[in-house]
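Student: This structure is in structure tokens; I'll ask about it shortly.
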Amino acid sequence: LARISLVKKLMKKWSVTQNLTFREQLEAGIRYFDLRVSSKPGDADQEIYFIHGLFGIKVRDGLMEIDSFLTQHPQEIVFLDFNHFYAMDETHHKCLILRIQEAFGNKLCPACTVESMTLRTLWEKKCQ
């Protein structure tokens, strides 16, 4: 049905939960992102997209937008909650992990106990 113009317009209105870019959300003070990702079934390129009913931007592009903000604001901390994965096999998951590592590098917080994590600790380690 999504191939029919009217249906596609209706689906977009129902599916779009955020009309701001990552950068605009960050500038508005948002620091927690509930992220849903998917591959496009049938695509051979292994690309991953943000999704909520309809395909959004490529994950790589969104992560780079967030990283750009973090680079300009070294004391900001952002939480990325990847919690829904659609049409993704093991290869896609490995690709997602690689995209995250490529985008943020040493800004990523190392695995640790929640009790030991403070803003001061993150700032000292330059984690964001």
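To be explicit about the labels: the chains of the structure tokens are called A, B, and onward in the order shown, and within each one the residues are counted from 1, while ligands get numbers from 1 in the order they are shown.
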Give me the residues within 12 Å of A:Ser68 as a PyMOL selection string, counting only C-alpha atoms and dropping any in the same chain fewer than 6 places off.
Tutor: chain A and resi 22-23+26-27+61-62+74+76+103-104+107+128
Student: Near A:Phe33, within 12 Å and counting only C-alpha atoms, which residues show up once chain neighbours fewer than 4 positions away are dropped, as a list in words?
Tutor: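 Within the cut-off, the hits are Thr17, Gln18, Thr21, Phe22, Arg23, Gln25, Leu26, Gly29, Phe50, Gly62, Leu63, Ile66, Ile77, Val78, Phe79, Leu80, Asp81, Phe82 and Asn83 of chain A.
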Student: Between A:Gly56, A:His84, A:Met117, A:Ser39, single out the one closest to A:Asn19, counting only C-alpha atoms.
Tutor: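 That would be A:Gly56, the residue with the smallest distance to A:Asn19.
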Student: Tell me which of A:Leu108, A:Leu96, A:Leu122, A:Ala44 sits closest to A:Asp67, counting only C-alpha atoms.
Tutor: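 Under the stated criterion, the closest residue is A:Leu108.
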Student: Rank A:Glu102, A:Gln75, A:Thr91, A:Met64 by their smallest atom-to-atom distance to A:Leu119, using only C-alpha atoms, and report the top residue only.
Tutor: A:Gln75
Student: Determine which residues of chain A receive a DSSP assignment of strand (DSSP E), computed from the backbone, and state them as a PyMOL selection string.
Tutor: chain A and resi 32-39+48-52+54-58+79-86
Student: Residues within 10 Å of stretch 110-114 of chain A, please, as a PyMOL selection string. Count only C-alpha atoms; anything in the same chain fewer than 4 positions from it doesn't count.
Tutor: chain A and resi 106+118+122+125+127
Student: For all heavy atoms, I'd like the residues from the last selection saved as a compact mmCIF listing (two decimals), in the first residue's frame.
Tutor:
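Once written, result-v6.txt looks like this:
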```
# COMPACT_ATOMS: atom_id res chain seq x y z
N ASN A 106 36.65 7.18 20.79
CA ASN A 106 36.96 7.22 22.23
C ASN A 106 35.93 8.01 23.04
O ASN A 106 36.08 8.13 24.25
CB ASN A 106 38.37 7.75 22.46
CG ASN A 106 38.56 9.16 21.94
OD1 ASN A 106 37.63 9.78 21.43
ND2 ASN A 106 39.77 9.66 22.05
N THR A 118 29.76 8.70 37.03
CA THR A 118 29.33 10.05 37.39
C THR A 118 29.66 10.98 36.23
O THR A 118 30.46 10.63 35.36
CB THR A 118 30.05 10.57 38.66
OG1 THR A 118 31.45 10.71 38.35
CG2 THR A 118 29.85 9.63 39.84
N LEU A 122 32.87 10.72 33.59
CA LEU A 122 32.74 10.81 32.13
C LEU A 122 33.57 11.95 31.57
O LEU A 122 34.26 11.79 30.56
CB LEU A 122 31.27 10.97 31.74
CG LEU A 122 30.38 9.75 31.98
CD1 LEU A 122 28.92 10.10 31.78
CD2 LEU A 122 30.78 8.61 31.06
N LYS A 125 37.28 11.14 31.64
CA LYS A 125 37.64 10.15 30.60
C LYS A 125 37.32 10.65 29.19
O LYS A 125 37.57 9.96 28.22
CB LYS A 125 36.93 8.84 30.86
CG LYS A 125 37.38 8.15 32.12
CD LYS A 125 36.65 6.83 32.32
CE LYS A 125 37.15 6.14 33.58
NZ LYS A 125 36.53 4.82 33.75
N CYS A 127 34.46 10.91 27.86
CA CYS A 127 33.39 10.08 27.30
C CYS A 127 32.12 10.91 27.21
O CYS A 127 31.85 11.74 28.06
CB CYS A 127 33.13 8.86 28.19
SG CYS A 127 34.53 7.74 28.30
```
Student: What is the atom CA of A:His73 to atom CA of A:Glu115 distance in Å?
Tutor: 24.8 Å
